[in-house]
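Have a look at query-v8.cif; it's mmCIF, C-alpha atoms:
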```
data_protein
loop_
_atom_site.label_atom_id
_atom_site.label_comp_id
_atom_site.auth_asym_id
_atom_site.auth_seq_id
_atom_site.Cartn_x
_atom_site.Cartn_y
_atom_site.Cartn_z
CA MET A 1 6.95 2.86 -14.38
CA LYS A 2 5.04 3.67 -17.60
CA LYS A 3 8.17 3.06 -19.65
CA CYS A 4 8.68 -0.22 -17.82
CA ILE A 5 5.09 -1.31 -18.46
CA SER A 6 5.39 -0.42 -22.13
CA THR A 7 8.63 -2.37 -22.50
CA VAL A 8 7.24 -5.43 -20.76
CA ALA A 9 4.06 -5.33 -22.85
CA CYS A 10 6.06 -5.24 -26.08
CA PHE A 11 8.03 -8.30 -25.01
CA PHE A 12 5.06 -10.21 -23.62
CA VAL A 13 2.77 -9.72 -26.60
CA PHE A 14 4.29 -12.83 -28.19
CA THR A 15 4.53 -14.86 -25.02
CA PHE A 16 1.55 -17.12 -25.53
CA LEU A 17 1.82 -17.65 -29.26
CA ALA A 18 3.02 -21.18 -28.59
CA PRO A 19 1.01 -23.94 -30.29
CA LEU A 20 -0.39 -26.18 -27.58
CA LYS A 21 -1.17 -29.21 -29.73
CA GLY A 22 0.29 -31.58 -27.15
CA GLN A 23 -2.08 -30.65 -24.38
CA THR A 24 -4.85 -33.14 -23.67
CA CYS A 25 -5.85 -32.04 -20.19
CA THR A 26 -8.78 -33.26 -18.10
CA THR A 27 -10.53 -31.60 -15.15
CA PHE A 28 -13.50 -32.47 -12.95
CA CYS A 29 -15.08 -31.80 -9.57
CA LEU A 30 -16.48 -34.48 -7.25
CA ASP A 31 -19.27 -33.63 -4.81
CA HIS A 32 -18.20 -35.45 -1.64
CA GLY A 33 -21.06 -34.27 0.54
CA ASP A 34 -20.33 -30.63 1.28
CA ARG A 35 -16.66 -31.15 0.46
CA PRO A 36 -15.87 -30.60 -3.23
CA VAL A 37 -12.74 -32.29 -4.58
CA PHE A 38 -11.19 -30.96 -7.79
CA GLY A 39 -8.98 -33.10 -10.08
CA ARG A 40 -6.72 -32.04 -12.92
CA ASN A 41 -4.31 -33.73 -15.37
CA TYR A 42 -1.78 -31.45 -17.04
CA ASP A 43 -0.62 -33.01 -20.31
CA TYR A 44 2.21 -31.23 -22.10
CA MET A 45 5.72 -31.50 -23.56
CA VAL A 46 7.46 -29.74 -20.66
CA GLU A 47 7.84 -31.25 -17.20
CA ASP A 48 9.53 -28.37 -15.38
CA GLY A 49 7.52 -26.26 -12.95
CA LEU A 50 7.33 -24.48 -9.64
CA VAL A 51 4.67 -24.59 -6.97
CA ILE A 52 4.46 -20.98 -5.81
CA ILE A 53 2.86 -19.55 -2.67
CA ASN A 54 1.59 -16.13 -3.75
CA LYS A 55 0.85 -13.37 -1.25
CA ARG A 56 -2.05 -11.07 -0.50
CA GLY A 57 -1.55 -7.28 -0.42
CA VAL A 58 0.58 -7.15 -3.57
CA THR A 59 0.05 -4.51 -6.26
CA LYS A 60 0.31 -5.81 -9.82
CA ALA A 61 -0.21 -4.63 -13.38
CA SER A 62 -1.22 -6.40 -16.56
CA THR A 63 1.62 -6.86 -19.02
CA LEU A 64 -0.66 -5.12 -21.55
CA GLY A 65 -0.95 -2.03 -19.33
CA ARG A 66 -4.05 -0.14 -18.08
CA LEU A 67 -5.16 -2.86 -15.63
CA ALA A 68 -3.77 -2.75 -12.10
CA TRP A 69 -4.90 -4.44 -8.88
CA THR A 70 -3.91 -5.37 -5.34
CA SER A 71 -4.25 -9.03 -4.42
CA LYS A 72 -6.91 -9.75 -1.78
CA TYR A 73 -6.05 -13.42 -1.38
CA GLY A 74 -2.93 -15.54 -1.18
CA SER A 75 -2.79 -18.61 -3.39
CA ALA A 76 -0.85 -21.72 -4.36
CA THR A 77 -0.19 -22.01 -8.08
CA PHE A 78 1.61 -24.33 -10.48
CA ASN A 79 3.80 -22.26 -12.80
CA GLN A 80 5.78 -23.25 -15.86
CA TYR A 81 6.47 -20.07 -17.83
CA GLY A 82 7.33 -17.88 -14.87
CA ARG A 83 5.97 -16.53 -11.60
CA GLU A 84 2.68 -14.59 -11.95
CA PHE A 85 1.72 -16.64 -15.06
CA PRO A 86 0.30 -19.84 -13.59
CA ILE A 87 -0.98 -22.98 -15.25
CA GLY A 88 -3.62 -23.12 -12.50
CA GLY A 89 -4.08 -23.07 -8.75
CA MET A 90 -6.21 -22.46 -5.67
CA ASN A 91 -6.46 -19.42 -3.39
CA GLU A 92 -6.98 -19.14 0.37
CA ALA A 93 -10.73 -18.67 -0.15
CA GLY A 94 -10.86 -22.11 -1.79
CA LEU A 95 -11.38 -20.86 -5.35
CA VAL A 96 -9.81 -23.17 -7.95
CA VAL A 97 -9.05 -22.05 -11.52
CA GLU A 98 -7.65 -24.52 -14.06
CA PRO A 99 -7.22 -24.06 -17.85
CA MET A 100 -7.26 -26.51 -20.74
CA VAL A 101 -6.54 -26.04 -24.42
CA LEU A 102 -9.54 -25.27 -26.62
CA LEU A 103 -8.59 -24.67 -30.25
CA GLU A 104 -12.00 -23.15 -31.04
CA THR A 105 -11.32 -20.26 -28.68
CA GLN A 106 -11.89 -16.75 -30.01
CA TYR A 107 -10.98 -14.14 -27.42
CA PRO A 108 -12.82 -10.79 -27.24
CA LEU A 109 -11.88 -8.15 -29.76
CA PRO A 110 -10.28 -4.95 -28.42
CA ASP A 111 -12.78 -2.63 -26.75
CA THR A 112 -12.86 -0.13 -23.88
CA ARG A 113 -12.02 -2.78 -21.28
CA PRO A 114 -8.38 -3.21 -20.30
CA GLY A 115 -6.84 -6.44 -21.56
CA ILE A 116 -4.97 -9.20 -19.80
CA HIS A 117 -3.12 -12.25 -21.14
CA PRO A 118 -4.65 -15.70 -20.54
CA LEU A 119 -2.25 -17.03 -17.90
CA GLN A 120 -2.15 -13.72 -16.04
CA TRP A 121 -5.97 -13.83 -16.10
CA ILE A 122 -5.73 -16.95 -13.93
CA GLN A 123 -3.56 -15.18 -11.35
CA TYR A 124 -5.91 -12.18 -11.37
CA GLN A 125 -8.92 -14.37 -10.55
CA LEU A 126 -7.06 -16.10 -7.71
CA ASP A 127 -5.82 -12.76 -6.40
CA MET A 128 -9.20 -11.08 -6.35
CA PHE A 129 -12.15 -13.46 -5.94
CA SER A 130 -13.64 -16.16 -3.76
CA THR A 131 -16.67 -17.31 -5.79
CA VAL A 132 -17.53 -18.54 -9.25
CA GLU A 133 -20.04 -15.70 -9.65
CA GLU A 134 -17.32 -13.10 -9.09
CA VAL A 135 -15.09 -14.69 -11.72
CA ILE A 136 -17.88 -14.59 -14.30
CA ALA A 137 -18.78 -10.99 -13.41
CA SER A 138 -15.16 -9.83 -13.85
CA ASP A 139 -15.64 -10.00 -17.62
CA ARG A 140 -17.50 -6.71 -17.37
CA GLN A 141 -14.40 -4.94 -16.07
CA MET A 142 -11.67 -6.49 -18.24
CA ARG A 143 -11.20 -8.73 -21.24
CA ILE A 144 -8.93 -11.68 -21.71
CA SER A 145 -6.63 -11.03 -24.68
CA GLY A 146 -4.76 -13.43 -26.94
CA SER A 147 -4.64 -15.28 -30.22
CA GLY A 148 -7.11 -18.13 -30.02
CA LYS A 149 -5.39 -20.06 -32.78
CA TYR A 150 -2.33 -20.59 -30.61
CA SER A 151 -3.14 -19.80 -27.01
CA GLY A 152 -6.80 -20.77 -26.94
CA ILE A 153 -7.83 -22.10 -23.56
CA HIS A 154 -11.02 -22.55 -21.57
CA PHE A 155 -11.43 -22.96 -17.84
CA LEU A 156 -13.08 -25.00 -15.12
CA VAL A 157 -13.60 -22.85 -12.03
CA CYS A 158 -14.97 -24.10 -8.69
CA ASP A 159 -15.36 -22.68 -5.18
CA THR A 160 -15.79 -24.08 -1.66
CA THR A 161 -19.55 -24.43 -2.00
CA GLY A 162 -19.07 -26.92 -4.84
CA ASN A 163 -20.41 -24.41 -7.35
CA CYS A 164 -18.50 -24.72 -10.62
CA ALA A 165 -18.52 -23.08 -14.02
CA THR A 166 -16.97 -23.65 -17.38
CA ILE A 167 -15.70 -20.43 -18.92
CA GLU A 168 -15.06 -20.29 -22.66
CA PHE A 169 -14.57 -17.59 -25.26
CA ILE A 170 -16.60 -18.43 -28.33
CA GLY A 171 -17.35 -15.95 -31.12
CA ASN A 172 -15.26 -13.33 -29.27
CA LYS A 173 -17.56 -13.45 -26.24
CA LEU A 174 -17.48 -15.12 -22.83
CA VAL A 175 -19.74 -18.18 -22.69
CA TYR A 176 -20.25 -19.92 -19.37
CA HIS A 177 -22.18 -22.85 -17.93
CA THR A 178 -22.97 -23.16 -14.24
CA LYS A 179 -25.58 -24.58 -11.85
CA GLU A 180 -28.64 -25.81 -13.78
CA ARG A 181 -26.86 -25.14 -17.11
CA MET A 182 -24.00 -27.42 -16.08
CA PRO A 183 -25.26 -31.03 -15.92
CA VAL A 184 -21.83 -32.47 -15.12
CA LYS A 185 -18.69 -30.90 -13.62
CA THR A 186 -16.20 -32.11 -16.17
CA LEU A 187 -14.13 -30.43 -18.90
CA THR A 188 -11.59 -31.64 -21.46
CA ASN A 189 -10.46 -30.07 -24.77
CA SER A 190 -13.80 -29.63 -26.54
CA ILE A 191 -16.50 -26.97 -26.28
CA TYR A 192 -18.51 -27.81 -23.16
CA ALA A 193 -21.95 -27.76 -24.81
CA GLU A 194 -20.76 -30.09 -27.57
CA SER A 195 -19.15 -32.42 -25.03
CA VAL A 196 -22.38 -32.65 -23.06
CA SER A 197 -24.34 -33.36 -26.23
CA PHE A 198 -22.12 -36.34 -27.09
CA TRP A 199 -22.16 -37.52 -23.47
CA GLU A 200 -25.95 -37.52 -23.38
CA LYS A 201 -26.01 -39.57 -26.59
CA ASN A 202 -23.10 -41.74 -25.37
CA GLU A 203 -21.51 -41.17 -28.76
CA ILE A 204 -17.85 -40.55 -29.61
CA PRO A 205 -17.39 -38.54 -32.81
CA GLN A 206 -14.87 -39.50 -35.46
CA PRO A 207 -12.34 -38.07 -35.52
CA ASP A 208 -12.14 -37.31 -31.81
CA LYS A 209 -9.22 -34.88 -31.55
CA PHE A 210 -7.03 -35.55 -28.50
CA ARG A 211 -9.59 -38.25 -27.51
CA SER A 212 -11.29 -35.28 -25.88
CA ILE A 213 -14.89 -36.48 -26.08
CA GLU A 214 -13.90 -40.01 -25.10
CA ARG A 215 -12.18 -38.68 -21.98
CA PHE A 216 -15.10 -36.36 -21.23
CA ILE A 217 -17.67 -39.16 -21.45
CA HIS A 218 -15.62 -41.49 -19.27
CA VAL A 219 -15.00 -38.93 -16.52
CA ALA A 220 -18.53 -37.48 -16.72
CA ASN A 221 -20.02 -40.93 -16.12
CA VAL A 222 -17.77 -41.51 -13.10
CA VAL A 223 -18.55 -38.07 -11.67
CA GLU A 224 -22.29 -38.44 -12.22
CA ASN A 225 -22.38 -41.85 -10.53
CA TYR A 226 -20.04 -40.95 -7.68
CA ASP A 227 -21.36 -42.10 -4.29
CA ALA A 228 -19.68 -40.27 -1.41
CA LYS A 229 -21.08 -42.77 1.11
CA LYS A 230 -19.14 -45.60 -0.51
CA THR A 231 -15.84 -43.74 -0.76
CA LYS A 232 -13.48 -43.50 2.21
CA SER A 233 -10.96 -41.22 0.52
CA PRO A 234 -12.22 -38.83 -2.16
CA ILE A 235 -8.61 -37.74 -2.72
CA ASP A 236 -7.54 -41.27 -3.64
CA PHE A 237 -10.65 -41.68 -5.77
CA ALA A 238 -9.84 -38.47 -7.66
CA PHE A 239 -6.32 -39.74 -8.40
CA THR A 240 -7.83 -42.99 -9.67
CA ILE A 241 -9.96 -41.02 -12.13
CA LEU A 242 -6.94 -39.03 -13.27
CA LYS A 243 -4.96 -42.23 -13.75
CA SER A 244 -7.70 -43.66 -15.96
CA VAL A 245 -7.43 -40.78 -18.47
CA GLU A 246 -3.72 -39.97 -18.29
CA HIS A 247 -1.41 -39.96 -21.30
CA PRO A 248 1.49 -42.39 -20.74
CA SER A 249 4.17 -39.87 -21.75
CA LYS A 250 2.52 -36.44 -21.64
CA THR A 251 0.65 -36.29 -18.34
CA GLN A 252 3.30 -34.29 -16.52
CA TRP A 253 1.29 -33.37 -13.42
CA SER A 254 -1.82 -34.84 -11.76
CA ILE A 255 -3.25 -32.48 -9.16
CA VAL A 256 -6.10 -32.82 -6.66
CA TYR A 257 -7.41 -29.82 -4.71
CA ASP A 258 -9.38 -30.00 -1.45
CA PRO A 259 -10.86 -26.47 -1.28
CA LYS A 260 -12.58 -26.90 2.09
CA ASN A 261 -9.31 -27.83 3.78
CA LEU A 262 -7.13 -25.69 1.49
CA SER A 263 -4.97 -28.73 0.76
CA THR A 264 -3.28 -29.56 -2.53
CA TYR A 265 -2.09 -33.03 -3.56
CA PHE A 266 -0.04 -33.84 -6.65
CA ARG A 267 2.21 -36.31 -8.39
CA THR A 268 4.36 -35.95 -11.49
CA LEU A 269 5.38 -38.14 -14.39
CA GLY A 270 8.88 -38.45 -12.98
CA ASN A 271 7.83 -38.88 -9.34
CA GLN A 272 4.64 -40.85 -8.85
CA ARG A 273 4.70 -40.45 -5.06
CA ILE A 274 1.83 -38.23 -3.92
CA ARG A 275 2.90 -35.03 -2.18
CA HIS A 276 0.63 -32.64 -0.34
CA PHE A 277 0.71 -29.30 1.40
CA ASP A 278 -1.71 -27.11 3.31
CA LEU A 279 -2.08 -23.47 2.25
CA LYS A 280 -2.90 -22.62 5.88
CA SER A 281 0.66 -23.64 6.79
CA PHE A 282 2.10 -20.55 5.09
CA ASP A 283 2.29 -16.90 6.08
CA LEU A 284 0.42 -15.25 3.22
CA SER A 285 1.21 -11.64 4.16
CA CYS A 286 3.44 -9.97 1.59
CA SER A 287 5.85 -8.77 4.25
CA THR A 288 7.38 -12.26 4.21
CA PRO A 289 9.19 -13.89 1.25
CA VAL A 290 7.31 -15.73 -1.48
CA ARG A 291 7.90 -19.47 -1.09
CA VAL A 292 8.48 -21.93 -3.96
CA LEU A 293 9.10 -25.62 -4.57
CA ASP A 294 10.42 -27.44 -7.63
CA VAL A 295 7.50 -29.56 -8.80
CA GLN A 296 9.98 -32.33 -9.70
CA ALA A 297 11.64 -32.43 -6.26
CA GLU A 298 12.24 -35.95 -4.92
CA VAL A 299 9.92 -35.61 -1.93
CA SER A 300 6.71 -37.23 -0.74
CA GLY A 301 4.09 -36.91 1.96
CA ASP A 302 3.58 -33.54 3.64
CA ILE A 303 5.94 -31.16 1.84
CA SER A 304 4.86 -27.90 3.50
CA GLY A 305 8.30 -27.60 5.09
CA GLU A 306 10.19 -28.20 1.84
CA PHE A 307 9.44 -24.82 0.26
CA ILE A 308 12.25 -22.27 -0.03
CA ASP A 309 12.40 -18.51 -0.50
CA TYR A 310 11.81 -17.27 -4.03
CA THR A 311 14.68 -15.64 -5.95
CA TYR A 312 14.94 -14.11 -9.39
CA GLN A 313 17.43 -16.80 -10.40
CA ILE A 314 14.98 -19.61 -9.56
CA ASN A 315 12.40 -17.95 -11.80
CA ARG A 316 14.97 -17.30 -14.54
CA ASN A 317 16.04 -20.94 -14.51
CA LEU A 318 12.43 -22.08 -14.86
CA VAL A 319 11.68 -19.65 -17.70
CA GLY A 320 14.86 -20.67 -19.50
CA GLU A 321 14.11 -24.39 -19.30
CA ALA A 322 10.43 -24.05 -20.24
CA PHE A 323 11.16 -21.89 -23.27
CA ARG A 324 14.06 -24.10 -24.39
CA LYS A 325 11.89 -27.22 -24.26
CA THR A 326 8.96 -25.62 -26.10
CA PRO A 327 9.87 -25.78 -29.82
CA SER A 328 7.90 -22.71 -30.85
CA LEU A 329 9.48 -20.63 -28.05
CA SER A 330 13.05 -21.92 -28.10
CA HIS A 331 14.22 -19.11 -30.40
CA PHE A 332 13.50 -16.32 -27.90
CA PRO A 333 16.71 -14.47 -26.96
CA ASN A 334 18.14 -14.37 -23.46
CA GLY A 335 17.25 -10.69 -23.19
CA TYR A 336 13.57 -11.54 -23.49
CA LEU A 337 13.85 -14.33 -20.94
CA ASP A 338 15.60 -11.95 -18.54
CA ILE A 339 12.74 -9.45 -18.81
CA ARG A 340 10.10 -12.13 -18.41
CA ALA A 341 11.78 -13.54 -15.32
CA SER A 342 12.15 -10.08 -13.80
CA TYR A 343 8.44 -9.24 -14.10
CA PRO A 344 7.65 -10.03 -10.42
CA ASP A 345 10.51 -7.80 -9.26
CA GLU A 346 9.77 -4.94 -11.65
CA MET A 347 5.97 -4.93 -11.78
CA THR A 348 4.75 -6.02 -8.33
CA SER A 349 5.18 -4.54 -4.87
CA CYS A 350 3.98 -5.21 -1.31
CA VAL A 351 1.63 -2.65 0.23
CA ASP A 352 1.46 -4.15 3.76
#
```
Could you take the file, read its structure, and then write that structure out as structure tokens?
Amino acid sequence: MKKCISTVACFFVFTFLAPLKGQTCTTFCLDHGDRPVFGRNYDYMVEDGLVIINKRGVTKASTLGRLAWTSKYGSATFNQYGREFPIGGMNEAGLVVEPMVLLETQYPLPDTRPGIHPLQWIQYQLDMFSTVEEVIASDRQMRISGSGKYSGIHFLVCDTTGNCATIEFIGNKLVYHTKERMPVKTLTNSIYAESVSFWEKNEIPQPDKFRSIERFIHVANVVENYDAKKTKSPIDFAFTILKSVEHPSKTQWSIVYDPKNLSTYFRTLGNQRIRHFDLKSFDLSCSTPVRVLDVQAEVSGDISGEFIDYTYQINRNLVGEAFRKTPSLSHFPNGYLDIRASYPDEMTSCVD
């Protein structure tokens, strides 16, 4: 196993050195009474993806070694560069974790804490925690590891109580805003504190890279003025917000999470019909197969019954397409892609 971990770590060390200049993502959380509703636009150059139903009771290890855990919660994630490395998702406790590019990111320097890559960090949080406070506190036990110049991301995290937090890595340290330090539950591609400052002044800086501040101000105003009593469907309202800030050719996925009901709704650039599924519809014990769905599948409505059993080949096909369509990753050899796709088979196991 140690040899396997070492080999995987050597291959994965370059995995997230892909410039993410095309990402102009937007996230927010609406307070619909005691029912939070979380919206997310994923803007990128690659449309391929899998929705994956991850299981509880699974032992896993960081690709960097030293950090191992057993998942406490099942989750539904959207994955593009392979299973166990999600672009975001929600777990069965109603915790939502979604990333966005932040070029100013400076991840922690190496120290005594075990390290974990940014996308695997997302899966770890969904595997282990149910509240925003737990996610923030996890920084004491491990450190997110990566090259901020290329893989810099920050996160909007929310739980079933409607408590949210922005999590950023500035000056090699975790910086977060939550509760009274978080005046609006919105995040785009700029440092949260700077975004809030421009929002409060109603001022758009020039230049405004990725139209980040413009999108932040627009969504923040809608979120702040949201009146649950006047809205029959917060899900539809959330999709309306996402539509208002989408990129005509790069918004690949628009996703709305309903944490109280454990429901996920989404549409894609190639299929604008809204699909939805209920996490409670799935057996989340690891004694049963992992279930997956092609995010581009020509389906609509309740798609809970459209998921199929996961196979290595499905994961390999996804990894191959995503790397081929990402210019900075297209040179990786098939041997690397094989190892990346085999990570779930080689480095995870069910303990039920």
ask   = What residues come out when you apply the PyMOL selection byres ((chain A and resi 73) around 7) to this file, written as JSON, numbers by chain?
value = {"A": [55, 56, 71, 72, 74, 75, 91, 92, 126, 127, 128]}
query = Skipping near chain neighbours, those fewer than 6 positions away, what residues fall within 8 Å of A:Ile235 using all atoms listed in the file, listed as a PyMOL selection string?
reply = chain A and resi 37+256+258
Kindly assemble as a tab-separated table a list of the stretch 68-98 of chain A residues that lie within 12 Å of stretch 102-116 of chain A, each paired with its nearest atom pair and their distance in Å to one decimal, using all atoms listed in the file, sorted first by chain and then by ascending residue number.
```
residue	atom	partner	partner_atom	distance
A:Ala68	CA	A:Pro114	CA	9.4
A:Trp69	CA	A:Ile116	CA	11.9
A:Phe85	CA	A:Ile116	CA	11.1
```
For the residues selected in the previous step, produce a file with C-alpha atoms as a compact mmCIF listing (two decimals), in the coordinates of the input.
```txt
# COMPACT_ATOMS: atom_id res chain seq x y z
CA ALA A 68 -3.77 -2.75 -12.10
CA TRP A 69 -4.90 -4.44 -8.88
CA PHE A 85 1.72 -16.64 -15.06
```
task = Can you work out the spacing between atom CA of A:Phe237 and atom CA of A:Tyr42 in Å, to one decimal?
result = 17.6 Å
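What separates atom CA of A:Val101 from atom CA of A:Asn315 is a distance of 24.2 Å.
What the PyMOL selection byres ((chain A and resi 33) around 10) picks from this file is Leu30, Asp31, His32, Asp34, Arg35, Pro36, Val37, Gly162, Asp227, Ala228 and Lys229 of chain A.
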message = What's around A:Asn261 at 9 Å? Count all atoms listed in the file, leave out sequence neighbours fewer than 2 positions away in its own chain, and write the answer as a ChimeraX atom specification.
response = /A:35,94,257-259,263-264,278-280
Please save C-alpha atoms of the selected residues as a PDB file, keeping the file's coordinate frame.
```
ATOM      1  CA  ARG A  35     -16.660 -31.150   0.460  1.00  0.00           C
ATOM      2  CA  GLY A  94     -10.860 -22.110  -1.790  1.00  0.00           C
ATOM      3  CA  TYR A 257      -7.410 -29.820  -4.710  1.00  0.00           C
ATOM      4  CA  ASP A 258      -9.380 -30.000  -1.450  1.00  0.00           C
ATOM      5  CA  PRO A 259     -10.860 -26.470  -1.280  1.00  0.00           C
ATOM      6  CA  SER A 263      -4.970 -28.730   0.760  1.00  0.00           C
ATOM      7  CA  THR A 264      -3.280 -29.560  -2.530  1.00  0.00           C
ATOM      8  CA  ASP A 278      -1.710 -27.110   3.310  1.00  0.00           C
ATOM      9  CA  LEU A 279      -2.080 -23.470   2.250  1.00  0.00           C
ATOM     10  CA  LYS A 280      -2.900 -22.620   5.880  1.00  0.00           C
TER      11      LYS A 280
END
```
query = Expanded to explicit residues, what is the PyMOL selection byres ((chain A and resi 26) around 10) for this file, as JSON, numbers by chain?
reply = {"A": [23, 24, 25, 27, 28, 39, 40, 41, 42, 43, 98, 99, 100, 101, 156, 186, 187, 188, 189, 212, 215, 216, 219, 241, 242, 245, 246, 251, 254]}
query = Any idea what the distance is between atom CA of A:Gly171 and atom CA of A:Ser62?
reply = 23.7 Å
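Closest to A:His154 among A:Lys243, A:His177, A:Arg316, A:Arg291 is A:His177, based on all atoms listed in the file.
For A:Asn334, the residues within 9 Å (counting all atoms listed in the file, excluding itself and residues fewer than 4 positions away along the chain) are A:Gly320, A:Asp338, A:Ile339.
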request  = Tell me which protein, DNA and RNA residues are within 8 Å of A:Phe277, counting all atoms listed in the file, leaving out same-chain ones fewer than 4 positions away, and put them as a PyMOL selection string.
outcome  = chain A and resi 263-265+281+302-304
query = Looking at all atoms listed in the file, which of A:Cys164, A:Ala322, A:Ile217, A:Ala297 is the one that sits closest to A:Ile204?
reply = A:Ile217
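With all atoms listed in the file as the basis for measurement, A:Gln313 is the residue among A:Asn79, A:Gln313, A:Asn225, A:Ser249 that approaches A:Asp345 most closely.
Comparing A:Met142, A:Ile87, A:Leu50, A:Cys29 by their smallest distance to A:Asn163, the closest is A:Cys29 (using all atoms listed in the file).
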Return the padded bounding box of stretch 75-80 of chain A as JSON: axis-aligned, built from all atoms listed in the file, 3 Å added on each side, with centre and edge lengths in Å to one decimal.
```
{"center_x": 1.5, "center_y": -21.5, "center_z": -9.6, "size_x": 14.6, "size_y": 11.7, "size_z": 18.5}
```
ask   = Looking at all atoms listed in the file, which of A:Leu95, A:Val223, A:Ile153, A:Ala61 is the one that sits closest to A:Val135?
value = A:Leu95
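When only C-alpha atoms are used to compute distances to A:Ser285, the closest of the residues A:Tyr44, A:Ser145, A:Lys185, A:Cys350 turns out to be A:Cys350.
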